[in-house]
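**Student:** Below you'll find input.txt; it's compact mmCIF, C-alpha atoms and all ligand atoms.
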# COMPACT_ATOMS: atom_id res chain seq x y z
CA MET T 1 -14.15 -14.30 -29.31
CA LYS T 2 -15.92 -11.77 -31.53
CA LEU T 3 -17.26 -9.82 -28.59
CA ASP T 4 -13.81 -9.71 -27.05
CA TYR T 5 -12.48 -8.24 -30.27
CA TRP T 6 -15.01 -5.43 -30.21
CA ILE T 7 -14.40 -4.71 -26.58
CA ILE T 8 -10.67 -4.42 -27.23
CA MET T 9 -11.27 -2.14 -30.26
CA LEU T 10 -13.68 0.08 -28.39
CA ASP T 11 -11.39 0.10 -25.42
CA PHE T 12 -8.48 1.21 -27.60
CA PHE T 13 -10.59 3.99 -29.10
CA PHE T 14 -11.83 5.29 -25.75
CA GLY T 15 -8.36 4.93 -24.34
CA LEU T 16 -7.16 7.62 -26.73
CA PHE T 17 -9.33 10.17 -24.99
CA SER T 18 -9.88 9.11 -21.42
CA HIS T 19 -7.73 9.45 -18.35
CA ASP T 20 -6.92 5.87 -17.49
CA LEU T 21 -6.03 5.48 -13.85
CA ALA T 22 -3.88 3.24 -11.71
CA ILE T 23 -4.73 3.25 -8.02
CA ASP T 24 -2.82 1.79 -5.09
CA LEU T 25 -5.40 1.31 -2.38
CA GLY T 26 -2.93 0.84 0.44
CA THR T 27 -3.58 0.40 4.14
CA ALA T 28 -1.65 3.59 4.91
CA ASN T 29 -1.54 5.53 1.64
CA THR T 30 -3.57 5.80 -1.53
CA LEU T 31 -1.73 6.71 -4.71
CA VAL T 32 -3.27 7.56 -8.06
CA ALA T 33 -1.41 7.72 -11.37
CA ILE T 34 -2.70 8.73 -14.80
CA LYS T 35 -1.56 6.96 -17.94
CA GLY T 36 0.87 9.22 -19.75
CA LYS T 37 1.19 11.60 -16.80
CA GLY T 38 2.46 9.65 -13.81
CA ILE T 39 1.57 9.96 -10.14
CA VAL T 40 -0.94 12.73 -9.43
CA ILE T 41 -2.25 11.87 -5.97
CA ARG T 42 -0.40 10.58 -2.92
CA GLU T 43 -2.54 10.82 0.20
CA PRO T 44 -3.06 8.94 3.45
CA SER T 45 -5.87 6.34 3.29
CA VAL T 46 -8.05 8.15 5.82
CA VAL T 47 -11.67 9.23 5.72
CA ALA T 48 -13.36 11.67 8.11
CA ARG T 49 -17.11 11.60 8.33
CA HIS T 50 -20.03 12.64 10.42
CA ARG T 51 -20.62 9.93 13.00
CA LYS T 52 -24.41 9.87 12.73
CA THR T 53 -25.21 10.78 9.15
CA LYS T 54 -22.01 9.11 7.77
CA LYS T 55 -21.60 12.09 5.45
CA VAL T 56 -17.96 12.24 4.30
CA LEU T 57 -16.29 15.46 5.44
CA ALA T 58 -12.72 14.97 4.33
CA VAL T 59 -10.48 12.43 2.59
CA GLY T 60 -6.68 12.09 2.66
CA SER T 61 -4.29 14.41 4.50
CA GLU T 62 -7.09 16.70 5.62
CA ALA T 63 -8.80 13.70 7.23
CA LYS T 64 -5.49 12.42 8.65
CA ARG T 65 -5.01 15.66 10.54
CA MET T 66 -8.28 14.85 12.31
CA LEU T 67 -7.19 11.33 13.40
CA GLY T 68 -7.22 11.13 17.17
CA LYS T 69 -8.40 14.71 17.48
CA THR T 70 -12.00 14.54 16.29
CA PRO T 71 -14.86 16.00 18.27
CA GLN T 72 -17.59 13.54 19.22
CA SER T 73 -19.71 14.22 16.16
CA ILE T 74 -16.92 13.36 13.70
CA GLU T 75 -14.99 10.12 13.19
CA ALA T 76 -11.72 9.80 11.29
CA LEU T 77 -10.78 6.27 10.26
CA ARG T 78 -8.45 4.21 8.14
CA PRO T 79 -10.80 1.91 6.24
CA LEU T 80 -8.16 -0.67 5.20
CA ARG T 81 -6.02 -0.50 8.26
CA ARG T 82 -5.44 -4.22 8.76
CA GLY T 83 -5.27 -5.19 5.11
CA VAL T 84 -8.90 -6.15 5.00
CA ILE T 85 -11.67 -3.72 4.30
CA SER T 86 -12.80 -2.96 7.81
CA ASP T 87 -15.19 -0.27 6.68
CA PHE T 88 -16.65 -0.75 3.27
CA ASP T 89 -18.58 2.54 2.98
CA ALA T 90 -15.48 4.54 3.83
CA THR T 91 -13.38 2.60 1.31
CA GLU T 92 -15.97 3.23 -1.36
CA ALA T 93 -16.12 6.92 -0.48
CA MET T 94 -12.36 7.23 -0.68
CA LEU T 95 -12.14 5.48 -4.01
CA ALA T 96 -15.00 7.53 -5.46
CA HIS T 97 -13.42 10.74 -4.19
CA TYR T 98 -10.15 10.12 -6.02
CA ILE T 99 -11.66 8.79 -9.24
CA LYS T 100 -13.95 11.80 -9.43
CA LEU T 101 -11.17 14.21 -8.56
CA VAL T 102 -9.16 13.04 -11.56
CA HIS T 103 -12.02 12.30 -13.86
CA GLU T 104 -14.39 15.20 -13.41
CA ARG T 105 -12.28 18.09 -14.54
CA PRO T 106 -12.26 17.45 -18.27
CA GLN T 107 -15.94 16.62 -18.19
CA LYS T 108 -16.74 20.23 -17.52
CA TYR T 109 -15.43 21.14 -20.94
CA LEU T 110 -16.32 18.03 -22.90
CA PRO T 111 -19.65 16.61 -21.79
CA ASN T 112 -19.11 13.15 -23.29
CA ILE T 113 -15.52 12.42 -22.45
CA PRO T 114 -15.03 8.66 -22.15
CA ARG T 115 -14.92 7.34 -18.65
CA PRO T 116 -11.61 6.00 -17.36
CA LYS T 117 -10.33 2.46 -17.28
CA VAL T 118 -9.06 1.81 -13.77
CA ILE T 119 -6.53 -0.69 -12.44
CA ILE T 120 -6.60 -1.00 -8.66
CA GLY T 121 -4.00 -2.69 -6.48
CA ILE T 122 -5.53 -4.16 -3.33
CA PRO T 123 -3.98 -6.04 -0.40
CA SER T 124 -3.98 -9.77 -1.13
CA GLY T 125 -5.87 -10.51 2.09
CA VAL T 126 -9.01 -8.82 0.78
CA THR T 127 -11.77 -11.40 0.33
CA GLU T 128 -13.59 -12.24 -2.88
CA VAL T 129 -16.74 -10.47 -1.72
CA GLU T 130 -14.75 -7.37 -0.79
CA ARG T 131 -12.98 -7.40 -4.15
CA ARG T 132 -16.27 -7.40 -5.99
CA ALA T 133 -17.42 -4.57 -3.79
CA VAL T 134 -14.32 -2.50 -4.57
CA GLN T 135 -14.83 -3.14 -8.25
CA GLU T 136 -18.48 -2.10 -8.04
CA ALA T 137 -17.43 1.03 -6.17
CA ALA T 138 -14.99 1.95 -8.92
CA LEU T 139 -17.64 1.42 -11.60
CA ASP T 140 -20.18 3.43 -9.63
CA ALA T 141 -17.62 6.22 -9.26
CA GLY T 142 -17.40 6.54 -13.02
CA ALA T 143 -14.91 3.92 -14.19
CA ARG T 144 -15.71 2.32 -17.55
CA LEU T 145 -13.69 -0.78 -16.74
CA ALA T 146 -12.23 -1.73 -13.39
CA TYR T 147 -9.54 -4.36 -12.90
CA LEU T 148 -8.20 -5.47 -9.57
CA ILE T 149 -4.70 -6.80 -9.09
CA GLU T 150 -2.90 -8.01 -6.00
CA GLU T 151 -0.43 -5.63 -4.48
CA PRO T 152 2.58 -7.97 -4.33
CA MET T 153 2.18 -8.60 -8.07
CA ALA T 154 1.90 -4.87 -8.77
CA ALA T 155 4.89 -4.16 -6.53
CA ALA T 156 6.98 -6.76 -8.37
CA ILE T 157 6.06 -5.26 -11.74
CA GLY T 158 6.78 -1.76 -10.43
CA ALA T 159 10.16 -2.91 -9.17
CA GLY T 160 10.95 -4.18 -12.67
CA LEU T 161 11.09 -7.88 -11.79
CA PRO T 162 10.72 -10.36 -14.68
CA VAL T 163 7.26 -11.54 -13.53
CA GLN T 164 6.36 -13.06 -16.89
CA GLU T 165 9.40 -15.29 -17.11
CA SER T 166 9.59 -18.82 -15.76
CA LYS T 167 12.12 -17.57 -13.19
CA GLY T 168 11.03 -17.12 -9.59
CA SER T 169 11.08 -13.62 -8.06
CA LEU T 170 10.64 -12.93 -4.35
CA ILE T 171 9.02 -9.65 -3.38
CA VAL T 172 8.51 -8.33 0.16
CA ASP T 173 6.16 -5.34 0.34
CA ILE T 174 6.18 -3.82 3.82
CA GLY T 175 3.28 -1.37 4.06
CA GLY T 176 1.42 0.17 6.97
CA GLY T 177 -1.01 -2.55 8.01
CA THR T 178 0.36 -5.57 6.20
CA SER T 179 3.55 -7.06 4.87
CA GLU T 180 2.99 -9.05 1.72
CA ILE T 181 5.56 -11.64 0.82
CA ALA T 182 5.25 -13.47 -2.49
CA VAL T 183 7.13 -15.60 -4.98
CA ILE T 184 6.06 -14.82 -8.52
CA SER T 185 6.63 -16.71 -11.74
CA LEU T 186 4.96 -16.81 -15.19
CA GLY T 187 2.65 -13.94 -14.24
CA GLY T 188 1.24 -15.79 -11.25
CA ILE T 189 1.76 -15.93 -7.51
CA VAL T 190 3.43 -19.23 -6.57
CA VAL T 191 3.62 -18.77 -2.78
CA ASN T 192 2.11 -15.91 -0.83
CA ARG T 193 1.88 -14.69 2.75
CA SER T 194 0.11 -11.61 3.99
CA ILE T 195 0.94 -10.85 7.61
CA ARG T 196 -0.59 -8.09 9.67
CA VAL T 197 2.73 -6.86 10.94
CA ALA T 198 4.27 -3.85 9.18
CA GLY T 199 4.79 -0.10 9.70
CA ASP T 200 1.80 0.36 12.04
CA ALA T 201 3.06 -2.40 14.32
CA MET T 202 6.46 -0.65 14.43
CA ASP T 203 4.73 2.58 15.51
CA GLN T 204 2.81 0.65 18.15
CA ALA T 205 6.06 -0.86 19.40
CA VAL T 206 7.46 2.66 19.89
CA VAL T 207 4.31 3.70 21.80
CA THR T 208 4.67 0.65 24.07
CA PHE T 209 8.38 1.28 24.56
CA ALA T 210 7.76 4.90 25.61
CA ARG T 211 5.11 3.79 28.08
CA LEU T 212 7.01 0.91 29.66
CA LYS T 213 10.55 2.33 29.69
CA HIS T 214 9.89 6.01 30.22
CA ALA T 215 6.34 6.16 31.63
CA LEU T 216 5.58 8.47 28.73
CA LEU T 217 2.32 8.48 26.84
CA ILE T 218 2.77 9.36 23.15
CA GLY T 219 0.44 9.24 20.14
CA GLU T 220 0.83 7.07 17.03
CA GLN T 221 1.85 10.03 14.90
CA THR T 222 4.70 10.91 17.26
CA ALA T 223 5.75 7.27 17.32
CA GLU T 224 5.85 7.20 13.52
CA ASP T 225 8.00 10.36 13.48
CA VAL T 226 10.45 8.73 15.90
CA LYS T 227 10.59 5.57 13.77
CA ILE T 228 11.27 7.52 10.58
CA SER T 229 13.86 9.86 12.10
CA ILE T 230 15.95 7.46 14.22
CA GLY T 231 14.47 3.97 13.74
CA SER T 232 16.62 1.16 12.38
CA ALA T 233 16.88 -2.59 12.14
CA PHE T 234 20.63 -3.07 11.92
CA MET T 235 23.36 -1.88 14.25
CA THR T 236 25.29 1.20 13.16
CA ASP T 237 27.90 3.35 14.86
CA ASP T 238 26.04 6.62 15.04
CA ASN T 239 23.59 6.69 17.88
CA LYS T 240 21.13 9.35 16.74
CA GLN T 241 18.78 10.93 19.24
CA THR T 242 15.47 12.70 19.18
CA VAL T 243 13.46 14.57 21.79
CA VAL T 244 9.92 13.34 22.23
CA ARG T 245 7.12 15.17 23.93
CA GLY T 246 4.29 13.33 25.58
CA ARG T 247 2.45 13.02 28.84
CA ASP T 248 3.94 11.66 32.02
CA LEU T 249 1.88 8.62 33.00
CA GLU T 250 2.17 9.25 36.73
CA ALA T 251 2.01 13.03 37.00
CA GLY T 252 -0.34 13.39 34.02
CA LEU T 253 1.66 16.43 32.90
CA PRO T 254 3.65 17.13 29.73
CA LYS T 255 7.15 15.70 29.69
CA SER T 256 10.05 15.65 27.19
CA ILE T 257 12.39 12.70 26.93
CA LYS T 258 15.36 11.93 24.70
CA PHE T 259 15.19 8.62 22.81
CA ASN T 260 18.29 7.18 21.19
CA ALA T 261 18.59 4.97 18.12
CA THR T 262 19.80 1.92 20.05
CA GLU T 263 16.76 1.73 22.30
CA ILE T 264 14.40 2.32 19.36
CA ARG T 265 16.10 -0.44 17.38
CA GLU T 266 15.55 -2.76 20.36
CA ALA T 267 11.93 -1.67 20.57
CA LEU T 268 11.40 -2.42 16.85
CA ALA T 269 13.29 -5.74 16.87
CA ASP T 270 10.31 -7.94 17.66
CA VAL T 271 8.22 -6.54 14.80
CA VAL T 272 11.13 -6.71 12.36
CA ASN T 273 11.78 -10.33 13.38
CA GLN T 274 8.16 -11.26 12.73
CA ILE T 275 8.47 -9.89 9.20
CA ILE T 276 11.69 -11.85 8.70
CA ALA T 277 9.99 -15.00 10.02
CA GLY T 278 7.31 -14.48 7.35
CA VAL T 279 9.98 -14.22 4.65
CA LYS T 280 11.63 -17.40 5.90
CA GLU T 281 8.32 -19.26 5.85
CA VAL T 282 7.73 -18.26 2.25
CA ILE T 283 11.25 -19.36 1.29
CA GLU T 284 10.64 -22.70 3.01
CA GLU T 285 7.47 -23.20 1.00
CA THR T 286 9.01 -22.15 -2.29
CA PRO T 287 9.49 -25.04 -4.72
CA PRO T 288 13.23 -25.78 -4.86
CA GLU T 289 13.53 -25.05 -8.59
CA PHE T 290 12.97 -21.35 -7.83
CA ILE T 291 15.49 -21.03 -5.03
CA GLY T 292 18.44 -20.71 -7.40
CA ASP T 293 16.70 -17.86 -9.26
CA ILE T 294 15.96 -16.02 -6.03
CA MET T 295 19.53 -16.44 -4.79
CA GLU T 296 20.74 -15.00 -8.07
CA GLN T 297 18.27 -12.12 -8.32
CA GLY T 298 18.00 -11.44 -4.61
CA VAL T 299 15.01 -10.58 -2.45
CA THR T 300 13.31 -7.35 -3.53
CA LEU T 301 11.88 -4.96 -0.94
CA ALA T 302 9.06 -2.51 -1.62
CA GLY T 303 6.57 -0.45 0.41
CA GLY T 304 7.10 2.44 2.80
CA GLY T 305 8.10 0.19 5.69
CA SER T 306 11.05 -1.16 3.69
CA GLN T 307 12.64 2.26 4.12
CA LEU T 308 13.42 1.46 7.73
CA SER T 309 17.15 1.93 7.92
CA GLY T 310 19.12 -1.34 7.76
CA ILE T 311 16.16 -3.67 7.30
CA ASP T 312 17.66 -4.79 3.97
CA LYS T 313 20.94 -5.70 5.68
CA LEU T 314 19.24 -7.63 8.47
CA ILE T 315 17.04 -9.63 6.09
CA ALA T 316 20.09 -10.45 3.97
CA GLN T 317 21.94 -11.69 7.02
CA GLU T 318 18.98 -13.76 8.22
CA VAL T 319 17.92 -15.40 4.96
CA LYS T 320 21.45 -15.63 3.55
CA MET T 321 20.51 -14.12 0.23
CA PRO T 322 21.18 -10.76 -1.36
CA VAL T 323 18.46 -8.20 -0.62
CA TRP T 324 17.80 -4.96 -2.44
CA ARG T 325 15.26 -2.17 -2.10
CA ALA T 326 13.21 -1.17 -5.15
CA GLU T 327 13.77 2.34 -6.37
CA ASP T 328 11.23 4.66 -4.69
CA PRO T 329 9.71 1.65 -2.85
CA GLN T 330 6.55 3.44 -1.73
CA THR T 331 5.37 4.02 -5.31
CA ALA T 332 6.21 0.55 -6.66
CA VAL T 333 2.59 -0.70 -6.54
CA VAL T 334 1.07 2.24 -8.40
CA ARG T 335 3.88 2.30 -10.95
CA GLY T 336 3.42 -1.44 -11.49
CA ALA T 337 -0.32 -1.02 -12.01
CA LEU T 338 0.36 1.82 -14.45
CA LYS T 339 2.72 -0.37 -16.49
CA LEU T 340 -0.15 -2.82 -17.07
CA PHE T 341 -1.86 -0.30 -19.34
CA GLU T 342 0.95 -0.99 -21.78
CA ASN T 343 0.73 -4.76 -21.49
CA GLU T 344 -2.82 -6.00 -22.04
CA GLU T 345 -1.72 -9.64 -22.10
CA LEU T 346 -0.08 -9.39 -18.70
CA LEU T 347 -3.05 -7.44 -17.34
CA GLN T 348 -5.42 -10.21 -18.38
CA ARG T 349 -3.15 -12.74 -16.76
CA VAL T 350 -2.64 -11.01 -13.42
CA ARG T 351 -6.04 -9.48 -12.77
CA VAL T 352 -7.94 -11.18 -9.99
CA THR T 353 -11.28 -9.84 -11.09
CA GLY T 354 -12.57 -7.17 -13.35
CA GLY T 355 -14.20 -6.19 -16.54
CA LEU T 356 -17.27 -4.43 -17.71
CA LYS T 357 -20.24 -3.71 -15.55
P1 LIG T 401 0.45 0.84 2.43
O1 LIG T 401 0.85 0.25 1.12
O2 LIG T 401 0.00 -0.18 3.43
O3 LIG T 401 -0.50 1.97 2.27
P2 LIG T 401 3.00 2.25 2.42
O4 LIG T 401 3.75 1.43 1.46
O5 LIG T 401 2.53 3.58 1.96
O6 LIG T 401 1.78 1.44 3.09
O7 LIG T 401 3.93 2.42 3.70
C1 LIG T 401 3.48 3.08 4.84
C2 LIG T 401 4.39 2.76 6.01
O8 LIG T 401 5.73 3.10 5.69
C3 LIG T 401 4.02 3.56 7.23
O9 LIG T 401 3.96 2.70 8.36
C4 LIG T 401 5.17 4.53 7.36
O10 LIG T 401 5.43 4.90 8.70
C5 LIG T 401 6.31 3.73 6.80
N1 LIG T 401 7.46 4.54 6.39
C6 LIG T 401 7.50 5.55 5.50
N2 LIG T 401 8.73 6.08 5.42
C7 LIG T 401 9.51 5.37 6.29
C8 LIG T 401 10.89 5.43 6.68
N3 LIG T 401 11.73 6.32 6.14
N4 LIG T 401 11.32 4.55 7.61
C9 LIG T 401 10.51 3.65 8.15
N5 LIG T 401 9.20 3.53 7.83
C10 LIG T 401 8.70 4.38 6.91
MG MG T 402 1.13 -0.97 -0.28
As structure tokens, what does this structure read like?
**Tutor:**
Amino acid sequence: MKLDYWIIMLDFFFGLFSHDLAIDLGTANTLVAIKGKGIVIREPSVVARHRKTKKVLAVGSEAKRMLGKTPQSIEALRPLRRGVISDFDATEAMLAHYIKLVHERPQKYLPNIPRPKVIIGIPSGVTEVERRAVQEAALDAGARLAYLIEEPMAAAIGAGLPVQESKGSLIVDIGGGTSEIAVISLGGIVVNRSIRVAGDAMDQAVVTFARLKHALLIGEQTAEDVKISIGSAFMTDDNKQTVVRGRDLEAGLPKSIKFNATEIREALADVVNQIIAGVKEVIEETPPEFIGDIMEQGVTLAGGGSQLSGIDKLIAQEVKMPVWRAEDPQTAVVRGALKLFENEELLQRVRVTGGLK
């Protein structure tokens, strides 16, 4: 008890001077926010490094530009692609890069500036061992304290849901590699599903569609552009079109083809239905006393993938409940983590691991 008191006092004192950070370590994007300042970094979760020496050459958008285009000596990878840490060293390098980027500047002027307290949102599928490793990485990168919280919890807080109340809130965070579906009550996760079907799987569906229907070979980046520009989940009147350039599978030569919104919606339907099936499973497992709350409050969507046009309408139709998208859904996790700096009690309740080294 006494020690806790001193830690809190010291923490308060240091907190007056240091840049406390909230980090969303997403499968597709990493966001960093500073207490009192807001979001300062929003970059793809990609690392480029030398294949043999493993020396990191670039992180973020610079590394993303290298994806799929690297010469043999360089590899560009997404270390959290499937919602688990597939490459620990790269994850650590990415985390260290961002913490240092934000933290190092003031140190040049003030040699003893307190090191930051860091709250990191991680996919809920990350194992206990991996969590500890992420925490260690944050401490090694200069954090004074590192707390880890689960992304659906952070997303719910960021979306402004009453997570501390005894009510049940249902959050669906559709990211790049994973969709996280959770029912939250009293600061805890009541039911939770993390499925490996989200934005990346939609892109892959567009790649497959182009190959099978048009004998056209396109890259993931092109597929993502198509999804964002004309992709949808729910039927609308306007049938938007876009011209896609790729390689003809038979002739092996460049070819341009027009895709329309209807065929892309059909191509995405399977992936969208898998996400909806996940939501239904969670609802089925939710204790009945929460169902009324969820029907009243509605299902909340967050994450970049929730921006797919009409996905809110389709989910509403399928689960027979109101569905709404959080404001600026792609930043909900980092904003939620940032809010925890103002609510120590909630932070202590929702953290999955963390503390001093
Ligand atoms: P993560 O939390 O896993 O890092 P994000 O929440 O950043 O993922 O979401 C990334 C996903 O959102 C990507 O698959 C991206 O293509 C998708 N996305 C972003 N904007 C849109 C949009 N307007 N329509 C459909 N998908 C989108
Ligand atoms: Mg996310």
**Student:** Which of these, T:Lys69, T:Lys167, T:Lys117, T:Arg325, has the shortest distance to T:Asp20 once you count all atoms listed in the file?
**Tutor:** T:Lys117
**Student:** For ligand LIG 401 (chain T), return the neighbouring residues as a VMD selection string (distance at most 8 Å; all atoms listed in the file).
**Tutor:** chain T and resid 24 to 30 44 to 45 81 83 173 to 179 198 to 203 224 to 225 227 to 229 231 to 232 302 to 309 329 to 331 333
**Student:** Please produce a file of those selected residues containing C-alpha atoms, as a CSV table (one decimal), in the coordinates of the input.
**Tutor:**
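Final output, saved to part_5.csv:
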chain,number,residue,atom,x,y,z
T,24,ASP,CA,-2.8,1.8,-5.1
T,25,LEU,CA,-5.4,1.3,-2.4
T,26,GLY,CA,-2.9,0.8,0.4
T,27,THR,CA,-3.6,0.4,4.1
T,28,ALA,CA,-1.6,3.6,4.9
T,29,ASN,CA,-1.5,5.5,1.6
T,30,THR,CA,-3.6,5.8,-1.5
T,44,PRO,CA,-3.1,8.9,3.4
T,45,SER,CA,-5.9,6.3,3.3
T,81,ARG,CA,-6.0,-0.5,8.3
T,83,GLY,CA,-5.3,-5.2,5.1
T,173,ASP,CA,6.2,-5.3,0.3
T,174,ILE,CA,6.2,-3.8,3.8
T,175,GLY,CA,3.3,-1.4,4.1
T,176,GLY,CA,1.4,0.2,7.0
T,177,GLY,CA,-1.0,-2.6,8.0
T,178,THR,CA,0.4,-5.6,6.2
T,179,SER,CA,3.6,-7.1,4.9
T,198,ALA,CA,4.3,-3.8,9.2
T,199,GLY,CA,4.8,-0.1,9.7
T,200,ASP,CA,1.8,0.4,12.0
T,201,ALA,CA,3.1,-2.4,14.3
T,202,MET,CA,6.5,-0.6,14.4
T,203,ASP,CA,4.7,2.6,15.5
T,224,GLU,CA,5.8,7.2,13.5
T,225,ASP,CA,8.0,10.4,13.5
T,227,LYS,CA,10.6,5.6,13.8
T,228,ILE,CA,11.3,7.5,10.6
T,229,SER,CA,13.9,9.9,12.1
T,231,GLY,CA,14.5,4.0,13.7
T,232,SER,CA,16.6,1.2,12.4
T,302,ALA,CA,9.1,-2.5,-1.6
T,303,GLY,CA,6.6,-0.4,0.4
T,304,GLY,CA,7.1,2.4,2.8
T,305,GLY,CA,8.1,0.2,5.7
T,306,SER,CA,11.0,-1.2,3.7
T,307,GLN,CA,12.6,2.3,4.1
T,308,LEU,CA,13.4,1.5,7.7
T,309,SER,CA,17.2,1.9,7.9
T,329,PRO,CA,9.7,1.6,-2.8
T,330,GLN,CA,6.6,3.4,-1.7
T,331,THR,CA,5.4,4.0,-5.3
T,333,VAL,CA,2.6,-0.7,-6.5
**Student:** Find the residue from T:Phe209, T:Trp6, T:Phe88, T:Phe259 that sits nearest to T:Ile230; use only C-alpha atoms when measuring.
**Tutor:**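 Nearest to T:Ile230: T:Phe259.
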**Student:** Looking at T:Gln204, T:Ser169, T:Leu80, T:Gln221, which one is nearest to T:Gly68, with distances taken over all atoms listed in the file?
**Tutor:**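 Of T:Gln204, T:Ser169, T:Leu80, T:Gln221, the one nearest T:Gly68 is T:Gln221, counting all atoms listed in the file.
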**Student:** Which residue, T:Ser124, T:Ser86, T:Gln164, T:Ser194, has the smallest gap to T:Leu148 when you use only C-alpha atoms?
**Tutor:**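 When distances to T:Leu148 are compared using only C-alpha atoms, the smallest one comes from T:Ser124.
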**Student:** Here is a test: counting only C-alpha atoms and all ligand atoms, which residue of T:Pro79, T:Gly246, T:Gly121, T:Gly160 is nearest to ligand MG 402 (chain T)?
**Tutor:**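 The shortest atom-to-atom distance to ligand MG 402 (chain T) comes from T:Gly121.
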**Student:** Find the distance between atom CA of T:Val40 and atom CA of T:Leu67 and write it in Å to one decimal.
**Tutor:**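 Atom-to-atom, atom CA of T:Val40 to atom CA of T:Leu67, that is 23.7 Å.
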**Student:** Show me, as a PyMOL selection string, the residues that have an atom within 10 Å of T:Gly125 when counting all atoms listed in the file, minus same-chain residues fewer than 2 positions from it.
**Tutor:** chain T and resi 82-85+122-123+127-128+130-131+150-151+178+180+193-196
**Student:** List as a VMD selection string the protein and nucleic acid residues near T:Gln274, meaning an atom at most 9 Å away when only C-alpha atoms are counted, but skip any in the same chain fewer than 5 places from it.
**Tutor:** chain T and resid 195 197 269 279
**Student:** Could you put an axis-aligned box around every listed atom of stretch 260-276 of chain T, padded by 5 Å on each side, and send me its centre and edge lengths in Å to one decimal, as JSON?
**Tutor:**
{"center_x": 14.0, "center_y": -2.3, "center_z": 15.5, "size_x": 21.6, "size_y": 29.0, "size_z": 23.6}
**Student:** Go ahead and compute the interatomic distance for atom CA of T:Ala155 and atom CA of T:Ile120, in Å to one decimal.
**Tutor:**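 Here the two named atoms are 12.1 Å from each other.
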**Student:** N, CA and C atoms for stretch 32-43 of chain T, written as a short mmCIF file (atom, residue, chain, number, x, y, z; two decimals), keeping the file's coordinate frame, could you do that?
**Tutor:**
data_model
loop_
_atom_site.label_atom_id
_atom_site.label_comp_id
_atom_site.auth_asym_id
_atom_site.auth_seq_id
_atom_site.Cartn_x
_atom_site.Cartn_y
_atom_site.Cartn_z
N VAL T 32 -2.58 7.61 -6.78
CA VAL T 32 -3.27 7.56 -8.06
C VAL T 32 -2.32 8.05 -9.14
N ALA T 33 -2.25 7.30 -10.24
CA ALA T 33 -1.41 7.72 -11.37
C ALA T 33 -2.26 7.72 -12.63
N ILE T 34 -1.98 8.64 -13.53
CA ILE T 34 -2.70 8.73 -14.80
C ILE T 34 -1.77 8.26 -15.91
N LYS T 35 -2.35 7.45 -16.81
CA LYS T 35 -1.56 6.96 -17.94
C LYS T 35 -1.01 8.15 -18.74
N GLY T 36 0.25 8.14 -18.99
CA GLY T 36 0.87 9.22 -19.75
C GLY T 36 1.27 10.42 -18.91
N LYS T 37 0.87 10.45 -17.65
CA LYS T 37 1.19 11.60 -16.80
C LYS T 37 1.99 11.24 -15.56
N GLY T 38 1.76 10.05 -15.04
CA GLY T 38 2.46 9.65 -13.81
C GLY T 38 1.61 9.89 -12.57
N ILE T 39 2.28 9.89 -11.42
CA ILE T 39 1.57 9.96 -10.14
C ILE T 39 1.00 11.36 -9.91
N VAL T 40 -0.30 11.43 -9.65
CA VAL T 40 -0.94 12.73 -9.43
C VAL T 40 -1.48 12.89 -8.01
N ILE T 41 -1.72 11.77 -7.34
CA ILE T 41 -2.25 11.87 -5.97
C ILE T 41 -1.47 10.90 -5.08
N ARG T 42 -1.11 11.39 -3.90
CA ARG T 42 -0.40 10.58 -2.92
C ARG T 42 -0.89 11.06 -1.56
N GLU T 43 -1.86 10.35 -1.01
CA GLU T 43 -2.54 10.82 0.20
C GLU T 43 -2.71 9.68 1.20
#
